[in-house]
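What's in data-v1.txt: compact mmCIF, C-alpha atoms and all ligand atoms
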# COMPACT_ATOMS: atom_id res chain seq x y z
CA MET A 1 107.99 166.10 53.74
CA ILE A 2 110.10 166.77 56.74
CA ASP A 3 110.92 163.75 58.80
CA THR A 4 111.33 165.31 62.20
CA LYS A 5 111.84 161.97 63.88
CA ASN A 6 115.23 161.59 62.27
CA LEU A 7 115.94 165.28 62.26
CA ARG A 8 118.96 165.06 64.50
CA SER A 9 120.76 162.48 62.41
CA GLN A 10 119.95 164.42 59.24
CA ILE A 11 121.28 167.64 60.70
CA GLU A 12 124.38 165.89 62.00
CA LYS A 13 125.07 164.56 58.54
CA ILE A 14 125.04 167.93 56.83
CA ASP A 15 128.78 167.72 56.32
CA THR A 16 128.10 165.01 53.76
CA LEU A 17 125.70 167.16 51.71
CA PRO A 18 126.94 167.79 48.18
CA THR A 19 126.27 171.50 48.67
CA ILE A 20 128.90 171.73 51.41
CA PRO A 21 132.07 173.25 50.02
CA SER A 22 134.93 170.78 49.96
CA THR A 23 137.11 173.09 52.04
CA LEU A 24 134.59 172.96 54.86
CA ARG A 25 134.40 169.19 54.66
CA LYS A 26 138.18 168.88 54.81
CA LEU A 27 138.32 171.42 57.58
CA LEU A 28 135.77 169.53 59.63
CA SER A 29 137.79 166.37 59.41
CA VAL A 30 140.79 168.29 60.72
CA ILE A 31 139.10 170.09 63.60
CA GLU A 32 136.93 167.15 64.64
CA ASP A 33 140.09 165.42 65.70
CA PRO A 34 140.56 166.28 69.39
CA LYS A 35 144.30 165.64 69.12
CA VAL A 36 144.84 168.15 66.33
CA SER A 37 147.64 170.65 67.04
CA LEU A 38 148.09 174.28 66.14
CA SER A 39 150.76 173.38 63.60
CA ASP A 40 148.46 170.82 61.90
CA ILE A 41 145.88 173.55 61.52
CA GLY A 42 148.52 176.00 60.38
CA SER A 43 149.63 173.78 57.54
CA PHE A 44 146.04 172.99 56.61
CA ILE A 45 145.29 176.69 56.22
CA SER A 46 148.51 177.49 54.44
CA ASN A 47 147.85 174.82 51.83
CA ASP A 48 144.70 176.61 50.78
CA PRO A 49 145.22 180.12 49.38
CA VAL A 50 141.55 181.10 49.65
CA LEU A 51 141.43 180.03 53.28
CA THR A 52 144.71 181.81 53.97
CA SER A 53 143.46 185.10 52.59
CA ARG A 54 140.21 184.80 54.52
CA VAL A 55 141.95 184.05 57.78
CA ILE A 56 144.15 187.10 57.31
CA LYS A 57 141.09 189.22 56.52
CA VAL A 58 139.23 188.04 59.59
CA VAL A 59 142.06 188.54 62.05
CA ASN A 60 142.49 192.07 60.76
CA SER A 61 138.77 192.82 60.96
CA PRO A 62 136.97 194.62 63.78
CA ILE A 63 135.82 191.21 65.03
CA TYR A 64 139.23 190.71 66.58
CA GLY A 65 140.56 194.21 66.31
CA PHE A 66 144.21 193.58 67.08
CA PRO A 67 146.30 196.69 66.97
CA GLY A 68 148.55 196.73 63.93
CA ARG A 69 148.32 194.46 60.95
CA ILE A 70 148.69 190.70 61.09
CA SER A 71 150.14 189.40 57.89
CA SER A 72 150.91 185.73 58.43
CA VAL A 73 148.81 182.73 59.32
CA ASN A 74 151.30 181.58 61.96
CA GLN A 75 151.22 184.93 63.71
CA ALA A 76 147.41 184.73 63.78
CA LEU A 77 147.46 181.21 65.19
CA ILE A 78 149.82 182.14 67.99
CA LEU A 79 147.79 185.22 68.89
CA LEU A 80 144.45 183.49 68.86
CA GLY A 81 145.13 180.00 70.19
CA LEU A 82 143.68 176.68 69.13
CA ASN A 83 140.05 177.01 70.23
CA VAL A 84 139.55 180.45 68.79
CA VAL A 85 141.20 179.46 65.53
CA LYS A 86 138.95 176.41 65.18
CA GLY A 87 135.87 178.55 65.72
CA MET A 88 137.06 181.27 63.41
CA LEU A 89 137.82 178.79 60.64
CA LEU A 90 134.31 177.43 60.94
CA GLY A 91 132.88 180.92 60.79
CA VAL A 92 134.94 181.67 57.71
CA SER A 93 133.93 178.40 56.06
CA VAL A 94 130.21 178.73 56.66
CA PHE A 95 130.25 182.20 55.10
CA GLU A 96 128.90 180.97 51.73
CA ALA A 97 126.36 178.73 53.38
CA MET A 98 125.19 181.67 55.49
CA LYS A 99 124.74 183.81 52.41
CA LYS A 100 122.79 181.03 50.74
CA THR A 101 120.48 180.41 53.70
CA MET A 102 119.69 183.97 54.54
CA GLU A 103 120.94 187.19 52.99
CA GLY A 104 122.12 189.29 55.95
CA LEU A 105 122.86 186.44 58.37
CA TRP A 106 126.59 186.94 57.94
CA GLU A 107 126.23 190.62 58.88
CA HIS A 108 123.99 189.65 61.81
CA SER A 109 126.60 187.14 62.96
CA ILE A 110 129.63 189.43 62.78
CA GLY A 111 127.51 192.16 64.38
CA CYS A 112 126.82 189.79 67.23
CA ALA A 113 130.52 188.88 67.47
CA VAL A 114 131.58 192.51 67.67
CA THR A 115 128.86 193.37 70.18
CA SER A 116 129.61 190.34 72.38
CA LYS A 117 133.18 191.51 72.44
CA ILE A 118 132.21 195.06 73.40
CA ILE A 119 130.00 193.84 76.26
CA GLY A 120 132.55 191.25 77.40
CA THR A 121 135.29 193.86 77.49
CA LYS A 122 133.08 196.28 79.42
CA LYS A 123 132.39 193.60 82.04
CA GLY A 124 136.04 192.52 82.21
CA LEU A 125 135.31 188.93 81.16
CA ALA A 126 138.09 186.47 80.35
CA ASP A 127 138.35 184.77 76.93
CA ILE A 128 136.88 187.64 74.95
CA GLU A 129 138.03 186.09 71.66
CA GLU A 130 136.02 182.98 72.41
CA LEU A 131 133.00 185.19 72.94
CA SER A 132 133.58 186.63 69.46
CA VAL A 133 133.61 183.13 68.01
CA ALA A 134 130.37 182.34 69.82
CA GLY A 135 128.92 185.49 68.29
CA ILE A 136 129.87 184.43 64.75
CA LEU A 137 128.54 180.91 65.20
CA HIS A 138 125.54 181.47 67.51
CA ASP A 139 122.98 181.03 64.71
CA ILE A 140 124.79 178.18 62.95
CA GLY A 141 121.70 176.06 63.60
CA LYS A 142 119.90 178.25 61.06
CA VAL A 143 122.57 177.45 58.50
CA ALA A 144 122.23 173.74 59.24
CA MET A 145 118.45 173.83 58.82
CA GLY A 146 118.71 176.00 55.74
CA LEU A 147 121.25 173.68 54.12
CA LYS A 148 119.23 170.56 54.76
CA PHE A 149 115.74 171.98 54.11
CA LEU A 150 116.36 175.05 51.94
CA ASP A 151 112.85 175.45 50.47
CA GLU A 152 111.04 174.85 53.74
CA TYR A 153 113.36 177.21 55.57
CA LYS A 154 113.01 179.96 52.97
CA GLY A 155 109.24 179.49 53.34
CA LEU A 156 109.53 180.04 57.09
CA ILE A 157 111.51 183.24 56.60
CA LYS A 158 108.91 184.55 54.18
CA LYS A 159 106.12 183.71 56.60
CA ALA A 160 107.99 185.35 59.50
CA ILE A 161 108.24 188.57 57.48
CA ASP A 162 104.66 188.49 56.21
CA LYS A 163 103.10 187.73 59.58
CA ASN A 164 105.50 189.78 61.69
CA VAL A 165 106.45 186.92 63.96
CA LEU A 166 109.78 185.58 65.20
CA LEU A 167 111.39 182.98 62.96
CA ILE A 168 112.28 180.86 65.99
CA ASP A 169 108.56 180.37 66.79
CA LEU A 170 107.92 179.15 63.25
CA GLU A 171 110.92 176.81 63.44
CA LYS A 172 109.37 175.24 66.50
CA GLU A 173 106.00 174.83 64.77
CA LEU A 174 107.45 173.07 61.76
CA PHE A 175 110.43 171.15 63.14
CA PHE A 176 109.49 170.87 66.84
CA VAL A 177 112.99 172.11 67.59
CA THR A 178 114.71 175.43 66.92
CA HIS A 179 118.08 176.54 65.56
CA SER A 180 119.30 176.54 69.18
CA GLU A 181 119.00 172.77 69.41
CA THR A 182 120.17 172.06 65.87
CA GLY A 183 123.14 174.37 66.47
CA ALA A 184 124.05 172.47 69.63
CA TRP A 185 123.72 169.15 67.79
CA ILE A 186 126.25 170.09 65.17
CA GLY A 187 128.40 171.66 67.85
CA GLN A 188 128.56 168.27 69.56
CA ARG A 189 129.06 166.44 66.31
CA TRP A 190 131.91 168.74 65.32
CA ASN A 191 133.57 168.73 68.74
CA PHE A 192 133.08 172.39 69.55
CA PRO A 193 134.29 173.46 73.01
CA LYS A 194 131.68 172.87 75.73
CA SER A 195 131.25 176.58 76.36
CA LEU A 196 130.36 177.18 72.72
CA ILE A 197 127.84 174.33 72.64
CA GLU A 198 126.13 175.70 75.71
CA ILE A 199 125.93 179.20 74.23
CA LEU A 200 124.46 177.81 70.99
CA GLU A 201 121.90 175.79 72.89
CA TYR A 202 120.70 178.49 75.27
CA HIS A 203 121.18 181.83 73.53
CA HIS A 204 117.38 182.21 73.39
CA LYS A 205 116.80 180.63 76.83
CA PRO A 206 119.78 182.05 78.70
CA GLN A 207 118.18 181.38 82.09
CA LEU A 208 118.82 177.65 81.52
CA SER A 209 122.58 177.97 81.05
CA LYS A 210 124.38 176.57 84.10
CA ASN A 211 128.08 176.33 83.35
CA TYR A 212 128.60 179.33 81.07
CA ALA A 213 125.75 181.50 82.30
CA ILE A 214 127.45 184.87 81.83
CA GLN A 215 128.84 184.11 78.36
CA THR A 216 125.43 182.84 77.22
CA ALA A 217 123.76 185.93 78.65
CA VAL A 218 126.24 188.18 76.83
CA VAL A 219 125.54 186.56 73.44
CA HIS A 220 121.79 186.63 74.16
CA LEU A 221 121.99 190.35 74.80
CA ALA A 222 124.32 191.03 71.85
CA ASP A 223 121.89 189.26 69.49
CA ILE A 224 119.08 191.53 70.70
CA LEU A 225 121.14 194.72 70.48
CA VAL A 226 122.23 193.99 66.91
CA ARG A 227 118.64 193.36 65.89
CA ALA A 228 117.41 196.44 67.72
CA LYS A 229 119.94 198.45 65.69
CA GLY A 230 118.60 196.90 62.50
CA PHE A 231 122.03 195.61 61.50
CA GLY A 232 122.01 192.56 59.24
CA PHE A 233 119.10 190.14 59.02
CA ALA A 234 118.34 187.14 61.23
CA GLY A 235 115.17 185.86 59.59
CA ASP A 236 112.52 188.33 60.76
CA TYR A 237 112.13 192.01 61.58
CA LEU A 238 111.28 191.66 65.26
CA ILE A 239 113.46 192.11 68.33
CA PRO A 240 113.43 189.17 70.75
CA THR A 241 112.69 190.25 74.32
CA ILE A 242 115.60 190.59 76.74
CA ASN A 243 115.51 187.84 79.35
CA PRO A 244 115.52 189.56 82.79
CA ILE A 245 117.70 186.84 84.35
CA ALA A 246 120.30 187.19 81.59
CA TRP A 247 120.10 190.95 81.96
CA GLN A 248 120.85 190.62 85.65
CA ARG A 249 123.72 188.20 85.05
CA VAL A 250 125.44 190.56 82.61
CA GLY A 251 124.78 193.41 85.02
CA LEU A 252 125.21 196.41 82.72
CA SER A 253 124.33 199.71 84.34
CA LYS A 254 122.26 202.19 82.39
CA ASP A 255 125.38 204.20 81.60
CA GLU A 256 127.30 201.13 80.50
CA LEU A 257 124.50 200.06 78.17
CA LYS A 258 124.56 203.50 76.64
CA GLU A 259 128.31 203.24 76.09
CA VAL A 260 127.82 199.84 74.47
CA ILE A 261 125.25 201.34 72.08
CA ALA A 262 127.68 204.10 71.13
CA GLU A 263 130.63 201.73 70.66
CA MET A 264 128.51 199.41 68.54
CA GLU A 265 127.75 202.25 66.18
CA ASP A 266 131.39 202.65 65.16
CA SER A 267 132.36 198.98 65.13
CA LEU A 268 129.28 197.95 63.18
CA ALA A 269 129.87 200.66 60.64
CA GLU A 270 133.33 199.24 60.07
CA SER A 271 132.14 195.66 59.92
CA GLY A 272 129.41 196.67 57.50
CA GLU A 273 132.15 196.90 54.94
CA PHE A 274 133.72 193.67 56.03
CA ASN A 275 133.04 190.92 53.59
CA LEU A 276 134.75 187.65 52.82
CA GLU A 277 134.04 187.72 49.11
CA ASP A 278 137.37 186.92 47.52
CA ASP A 279 138.83 189.76 45.54
CA MET B 1 132.78 204.03 58.55
CA ALA B 2 130.46 205.24 55.82
CA LYS B 3 131.14 205.79 52.14
CA VAL B 4 129.45 209.05 51.26
CA ALA B 5 128.99 210.56 47.81
CA ILE B 6 130.53 214.04 47.47
CA ALA B 7 127.06 215.49 46.89
CA ASN B 8 125.99 214.28 50.36
CA VAL B 9 129.10 215.34 52.26
CA LYS B 10 128.33 217.80 55.04
CA THR B 11 130.31 220.21 57.19
CA GLY B 12 131.61 218.57 60.37
CA MET B 13 132.01 215.07 58.94
CA LYS B 14 135.31 213.45 59.91
CA LEU B 15 137.43 211.74 57.25
CA LEU B 16 138.45 208.18 58.06
CA LYS B 17 140.56 207.79 54.93
CA PRO B 18 142.69 210.51 53.36
CA VAL B 19 141.58 212.16 50.14
CA ILE B 20 144.19 211.69 47.46
CA ASN B 21 144.32 213.61 44.18
CA ASP B 22 145.08 212.25 40.71
CA SER B 23 148.80 212.64 41.17
CA GLY B 24 148.77 210.70 44.43
CA MET B 25 149.18 213.66 46.71
CA VAL B 26 147.29 213.68 50.02
CA MET B 27 144.89 216.63 49.80
CA LEU B 28 143.10 216.06 53.11
CA GLY B 29 144.51 213.79 55.77
CA GLU B 30 142.84 211.11 57.79
CA GLY B 31 140.97 212.61 60.73
CA THR B 32 140.23 215.94 59.02
CA ILE B 33 136.93 217.52 60.06
CA LEU B 34 135.42 218.88 56.88
CA THR B 35 134.65 222.58 56.53
CA ASP B 36 132.56 224.34 53.84
CA GLN B 37 135.78 225.45 52.15
CA MET B 38 137.13 221.91 51.98
CA ILE B 39 133.83 220.63 50.62
CA ASN B 40 134.00 223.24 47.86
CA LYS B 41 137.48 222.01 47.04
CA LEU B 42 136.27 218.38 46.98
CA ASN B 43 133.53 219.35 44.56
CA ASN B 44 136.16 220.65 42.16
CA MET B 45 138.23 217.50 42.32
CA ASN B 46 137.83 214.40 40.26
CA ILE B 47 136.60 212.12 43.06
CA SER B 48 133.17 210.73 43.79
CA PHE B 49 133.31 209.37 47.36
CA VAL B 50 134.92 209.96 50.72
CA TYR B 51 135.03 207.72 53.77
CA VAL B 52 133.75 209.39 56.91
CA GLU B 53 133.16 208.43 60.51
CA GLY B 54 129.81 207.00 61.52
CA SER B 55 127.53 204.43 60.00
CA GLN B 56 125.64 204.41 56.77
CA ALA B 57 122.82 205.58 58.97
CA LYS B 58 124.43 209.02 59.24
CA THR B 59 123.20 209.67 55.74
CA LYS B 60 119.63 209.10 56.93
CA SER B 61 117.79 211.83 58.74
CA LYS B 62 117.45 211.75 62.50
CA GLU B 63 113.68 211.47 62.20
CA ALA B 64 113.88 208.53 59.81
CA LEU B 65 116.22 206.69 62.17
CA ILE B 66 114.02 207.31 65.20
CA ASN B 67 110.95 206.16 63.27
CA GLU B 68 112.67 202.94 62.27
CA ILE B 69 113.63 202.17 65.83
CA ASN B 70 110.18 203.00 67.19
CA GLU B 71 108.55 200.80 64.59
CA ARG B 72 110.87 197.88 65.35
CA PHE B 73 110.23 198.10 69.10
CA GLN B 74 106.49 198.50 68.62
CA LYS B 75 106.26 195.22 66.73
CA SER B 76 108.26 193.35 69.36
CA GLY B 77 107.57 192.05 72.83
CA THR B 78 108.25 194.34 75.74
CA ASN B 79 109.31 194.41 79.37
CA GLU B 80 111.22 196.71 81.70
CA GLN B 81 114.57 196.01 80.00
CA MET B 82 113.21 196.54 76.49
CA VAL B 83 111.70 199.88 77.53
CA LEU B 84 115.11 200.94 78.86
CA LEU B 85 116.94 199.77 75.73
CA HIS B 86 114.45 201.58 73.49
CA LYS B 87 114.80 204.78 75.51
CA LEU B 88 118.62 204.68 75.46
CA MET B 89 118.77 204.02 71.72
CA ILE B 90 116.59 207.04 71.04
CA GLU B 91 118.68 209.13 73.44
CA HIS B 92 121.82 208.01 71.62
CA ILE B 93 120.45 209.21 68.28
CA GLU B 94 119.23 212.50 69.76
CA GLU B 95 122.69 213.15 71.18
CA THR B 96 124.66 212.05 68.12
CA TYR B 97 122.59 214.17 65.76
CA LYS B 98 122.42 217.35 67.79
FE FE A 301 119.46 182.75 67.42
FE FE A 302 120.96 185.68 66.22

What is this file in structure tokens?
Amino acid sequence: MIDTKNLRSQIEKIDTLPTIPSTLRKLLSVIEDPKVSLSDIGSFISNDPVLTSRVIKVVNSPIYGFPGRISSVNQALILLGLNVVKGMLLGVSVFEAMKKTMEGLWEHSIGCAVTSKIIGTKKGLADIEELSVAGILHDIGKVAMGLKFLDEYKGLIKKAIDKNVLLIDLEKELFFVTHSETGAWIGQRWNFPKSLIEILEYHHKPQLSKNYAIQTAVVHLADILVRAKGFGFAGDYLIPTINPIAWQRVGLSKDELKEVIAEMEDSLAESGEFNLEDD
Amino acid sequence: MAKVAIANVKTGMKLLKPVINDSGMVMLGEGTILTDQMINKLNNMNISFVYVEGSQAKTKSKEALINEINERFQKSGTNEQMVLLHKLMIEHIEETYK
């Protein structure tokens, strides 16, 4: 039985689950510390060869798309900055958990990262790399629910497919909250930046975002575009409806939207091959 | 980028990775737009795949792609913005697959 009364504390404790990889647990203890420095994080990554190779892969992927090849962890840290690196490390570390919860969620998430970046660049927004991080982590609430209640969550996904409904509506029925809230809970627990927590919380209700309204609207729209394209899998085969207020806040013209669709095609094709499986 | 089997390679596809023969020599460079002649040559070489521009979807027919998109939008909720998005996605496919 699901005890929804204590749901929040159960979700917040997912870092103590035995199924959480030890790297992620160690990583969380490092990034939860608000006083952690770039060089602390640098040595943490460098001590772990698997993490090192993944960080290098990610910074050279279309998610960040730096010109030229980045070959060292330090170079990546300097280019990306502390907040982005924290987010990216989380993304990289929840990769296995994403695969376990939902086949295709990783692709959906990097698709959303790439698309958020394309839209953000088109609109000349600042902190594009942070938008990419938000894209990778926007559905982390699904991972949290899937880790804690794997059978129930798999049941919801199956039902969403069979009945042609949105997974988020079924989440609400069973848990009384959705992956937006659970995502924000762990964001708070793990000391994510405020902007990221707000995006997690409101990416399906972007009209409620007050402090990071544009960024939330961009991720909301990116999520929908990726699903409309049929790239990856987010738990059902429907496309959530674009929120008109978010649409207005992003302010893409018809021509710009068309350019975004075309640019997505190439970037998604590249990211389709992008996998963190260790070789 | 799409990995396409030699049997499915078509004229006009653009190589995103060079084609290298058994002795390591570059036969066709990155960025080459394939012609019938080149495809014949590829067929005679000992390789099975090339990497070309575009998504995996390029190997699907235009009609199949449009059907998929229509079906997805039909199942989903709609409003003014969704109608526009649907229309532009179809336009994009029509233009890319001319
Ligand atoms: Fe979501
Ligand atoms: Fe999503």

* **Protein and nucleic acid residues within 7 Å of ligand FE 301 (chain A) (only C-alpha atoms and all ligand atoms) as a PyMOL selection string** => chain A and resi 138-139+179-180+203-204

Selected residues, C-alpha atoms, written as a JSON list (two decimals), in the coordinates of the input, please.
[["chain", "number", "residue", "atom", "x", "y", "z"],
["A", 138, "HIS", "CA", 125.54, 181.47, 67.51],
["A", 139, "ASP", "CA", 122.98, 181.03, 64.71],
["A", 179, "HIS", "CA", 118.08, 176.54, 65.56],
["A", 180, "SER", "CA", 119.30, 176.54, 69.18],
["A", 203, "HIS", "CA", 121.18, 181.83, 73.53],
["A", 204, "HIS", "CA", 117.38, 182.21, 73.39]]

* Test item: chain A residues at most 10 Å from chain B, counting only C-alpha atoms, as a ChimeraX atom specification -> /A:164-166,224-225,227-230,237-244,247,254-255,257-259,261-262,264-273

* Asked: Taking into account all atoms listed in the file, which residue in the set B:Val19, B:Ile90, B:Val9, B:Leu42 is nearest to Lys62 of chain B?
  -> B:Ile90

Write out as JSON lines the residues of chain A that have any atom within 12 Å of an atom of ligand FE 302 (chain A), one row each with the nearest atom pair and its distance in Å to one decimal, counting all atoms listed in the file, sorted by chain and then rising number.
{"residue": "A:Met102", "atom": "CA", "partner": "A:FE302", "partner_atom": "FE", "distance": 11.9}
{"residue": "A:Gly104", "atom": "CA", "partner": "A:FE302", "partner_atom": "FE", "distance": 10.9}
{"residue": "A:Leu105", "atom": "CA", "partner": "A:FE302", "partner_atom": "FE", "distance": 8.1}
{"residue": "A:Trp106", "atom": "CA", "partner": "A:FE302", "partner_atom": "FE", "distance": 10.1}
{"residue": "A:Glu107", "atom": "CA", "partner": "A:FE302", "partner_atom": "FE", "distance": 10.3}
{"residue": "A:His108", "atom": "CA", "partner": "A:FE302", "partner_atom": "FE", "distance": 6.7}
{"residue": "A:Ser109", "atom": "CA", "partner": "A:FE302", "partner_atom": "FE", "distance": 6.7}
{"residue": "A:Ile110", "atom": "CA", "partner": "A:FE302", "partner_atom": "FE", "distance": 10.1}
{"residue": "A:Gly111", "atom": "CA", "partner": "A:FE302", "partner_atom": "FE", "distance": 9.4}
{"residue": "A:Cys112", "atom": "CA", "partner": "A:FE302", "partner_atom": "FE", "distance": 7.2}
{"residue": "A:Ala113", "atom": "CA", "partner": "A:FE302", "partner_atom": "FE", "distance": 10.2}
{"residue": "A:Thr115", "atom": "CA", "partner": "A:FE302", "partner_atom": "FE", "distance": 11.7}
{"residue": "A:Ser116", "atom": "CA", "partner": "A:FE302", "partner_atom": "FE", "distance": 11.6}
{"residue": "A:Ala134", "atom": "CA", "partner": "A:FE302", "partner_atom": "FE", "distance": 10.6}
{"residue": "A:Gly135", "atom": "CA", "partner": "A:FE302", "partner_atom": "FE", "distance": 8.2}
{"residue": "A:Ile136", "atom": "CA", "partner": "A:FE302", "partner_atom": "FE", "distance": 9.1}
{"residue": "A:Leu137", "atom": "CA", "partner": "A:FE302", "partner_atom": "FE", "distance": 9.0}
{"residue": "A:His138", "atom": "CA", "partner": "A:FE302", "partner_atom": "FE", "distance": 6.4}
{"residue": "A:Asp139", "atom": "CA", "partner": "A:FE302", "partner_atom": "FE", "distance": 5.3}
{"residue": "A:Ile140", "atom": "CA", "partner": "A:FE302", "partner_atom": "FE", "distance": 9.0}
{"residue": "A:Gly141", "atom": "CA", "partner": "A:FE302", "partner_atom": "FE", "distance": 10.0}
{"residue": "A:Lys142", "atom": "CA", "partner": "A:FE302", "partner_atom": "FE", "distance": 9.1}
{"residue": "A:Val143", "atom": "CA", "partner": "A:FE302", "partner_atom": "FE", "distance": 11.4}
{"residue": "A:Leu166", "atom": "CA", "partner": "A:FE302", "partner_atom": "FE", "distance": 11.2}
{"residue": "A:Leu167", "atom": "CA", "partner": "A:FE302", "partner_atom": "FE", "distance": 10.5}
{"residue": "A:Ile168", "atom": "CA", "partner": "A:FE302", "partner_atom": "FE", "distance": 9.9}
{"residue": "A:His179", "atom": "CA", "partner": "A:FE302", "partner_atom": "FE", "distance": 9.6}
{"residue": "A:Ser180", "atom": "CA", "partner": "A:FE302", "partner_atom": "FE", "distance": 9.7}
{"residue": "A:Gly183", "atom": "CA", "partner": "A:FE302", "partner_atom": "FE", "distance": 11.5}
{"residue": "A:Ile199", "atom": "CA", "partner": "A:FE302", "partner_atom": "FE", "distance": 11.4}
{"residue": "A:Leu200", "atom": "CA", "partner": "A:FE302", "partner_atom": "FE", "distance": 9.8}
{"residue": "A:Glu201", "atom": "CA", "partner": "A:FE302", "partner_atom": "FE", "distance": 12.0}
{"residue": "A:Tyr202", "atom": "CA", "partner": "A:FE302", "partner_atom": "FE", "distance": 11.6}
{"residue": "A:His203", "atom": "CA", "partner": "A:FE302", "partner_atom": "FE", "distance": 8.3}
{"residue": "A:His204", "atom": "CA", "partner": "A:FE302", "partner_atom": "FE", "distance": 8.7}
{"residue": "A:Val219", "atom": "CA", "partner": "A:FE302", "partner_atom": "FE", "distance": 8.6}
{"residue": "A:His220", "atom": "CA", "partner": "A:FE302", "partner_atom": "FE", "distance": 8.0}
{"residue": "A:Leu221", "atom": "CA", "partner": "A:FE302", "partner_atom": "FE", "distance": 9.8}
{"residue": "A:Ala222", "atom": "CA", "partner": "A:FE302", "partner_atom": "FE", "distance": 8.5}
{"residue": "A:Asp223", "atom": "CA", "partner": "A:FE302", "partner_atom": "FE", "distance": 4.9}
{"residue": "A:Ile224", "atom": "CA", "partner": "A:FE302", "partner_atom": "FE", "distance": 7.6}
{"residue": "A:Leu225", "atom": "CA", "partner": "A:FE302", "partner_atom": "FE", "distance": 10.0}
{"residue": "A:Val226", "atom": "CA", "partner": "A:FE302", "partner_atom": "FE", "distance": 8.4}
{"residue": "A:Arg227", "atom": "CA", "partner": "A:FE302", "partner_atom": "FE", "distance": 8.0}
{"residue": "A:Ala228", "atom": "CA", "partner": "A:FE302", "partner_atom": "FE", "distance": 11.4}
{"residue": "A:Phe231", "atom": "CA", "partner": "A:FE302", "partner_atom": "FE", "distance": 11.0}
{"residue": "A:Gly232", "atom": "CA", "partner": "A:FE302", "partner_atom": "FE", "distance": 9.9}
{"residue": "A:Phe233", "atom": "CA", "partner": "A:FE302", "partner_atom": "FE", "distance": 8.7}
{"residue": "A:Ala234", "atom": "CA", "partner": "A:FE302", "partner_atom": "FE", "distance": 5.8}
{"residue": "A:Gly235", "atom": "CA", "partner": "A:FE302", "partner_atom": "FE", "distance": 8.8}
{"residue": "A:Asp236", "atom": "CA", "partner": "A:FE302", "partner_atom": "FE", "distance": 10.4}
{"residue": "A:Tyr237", "atom": "CA", "partner": "A:FE302", "partner_atom": "FE", "distance": 11.8}
{"residue": "A:Leu238", "atom": "CA", "partner": "A:FE302", "partner_atom": "FE", "distance": 11.4}
{"residue": "A:Ile239", "atom": "CA", "partner": "A:FE302", "partner_atom": "FE", "distance": 10.1}
{"residue": "A:Pro240", "atom": "CA", "partner": "A:FE302", "partner_atom": "FE", "distance": 9.5}

* Please identify all polymer residues lying at most 12 Å from the point (136.2, 165.3, 63.5) (file coordinates), using all atoms listed in the file, and present the result as a list in words. =>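 Returned residue set, sorted by chain then number, is Glu12, Asp15, Leu24, Arg25, Lys26, Leu27, Leu28, Ser29, Val30, Ile31, Glu32, Asp33, Pro34, Lys35, Val36, Lys86, Ile186, Gly187, Gln188, Arg189, Trp190, Asn191 and Phe192 of chain A.
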
* Could you state the separation of atom CA of Gly87 of chain A and atom CA of Val133 of chain A in Å, given to one decimal place? -> 5.6 Å

* Provide the atom CA of Val84 of chain A to atom CA of Asn47 of chain A distance in Å, to one decimal place. =>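 Taking atom CA of Val84 of chain A as the start and atom CA of Asn47 of chain A as the end point, the length is 19.7 Å.
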
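Between atom CA of Val58 of chain A and atom CA of Tyr212 of chain A the interatomic distance comes to 25.5 Å.
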
* Identify which of the residues B:Val52, B:Glu95, B:Met45, B:Thr11 lies closest to Glu30 of chain B, counting all atoms listed in the file when measuring atom-to-atom distances. => B:Val52
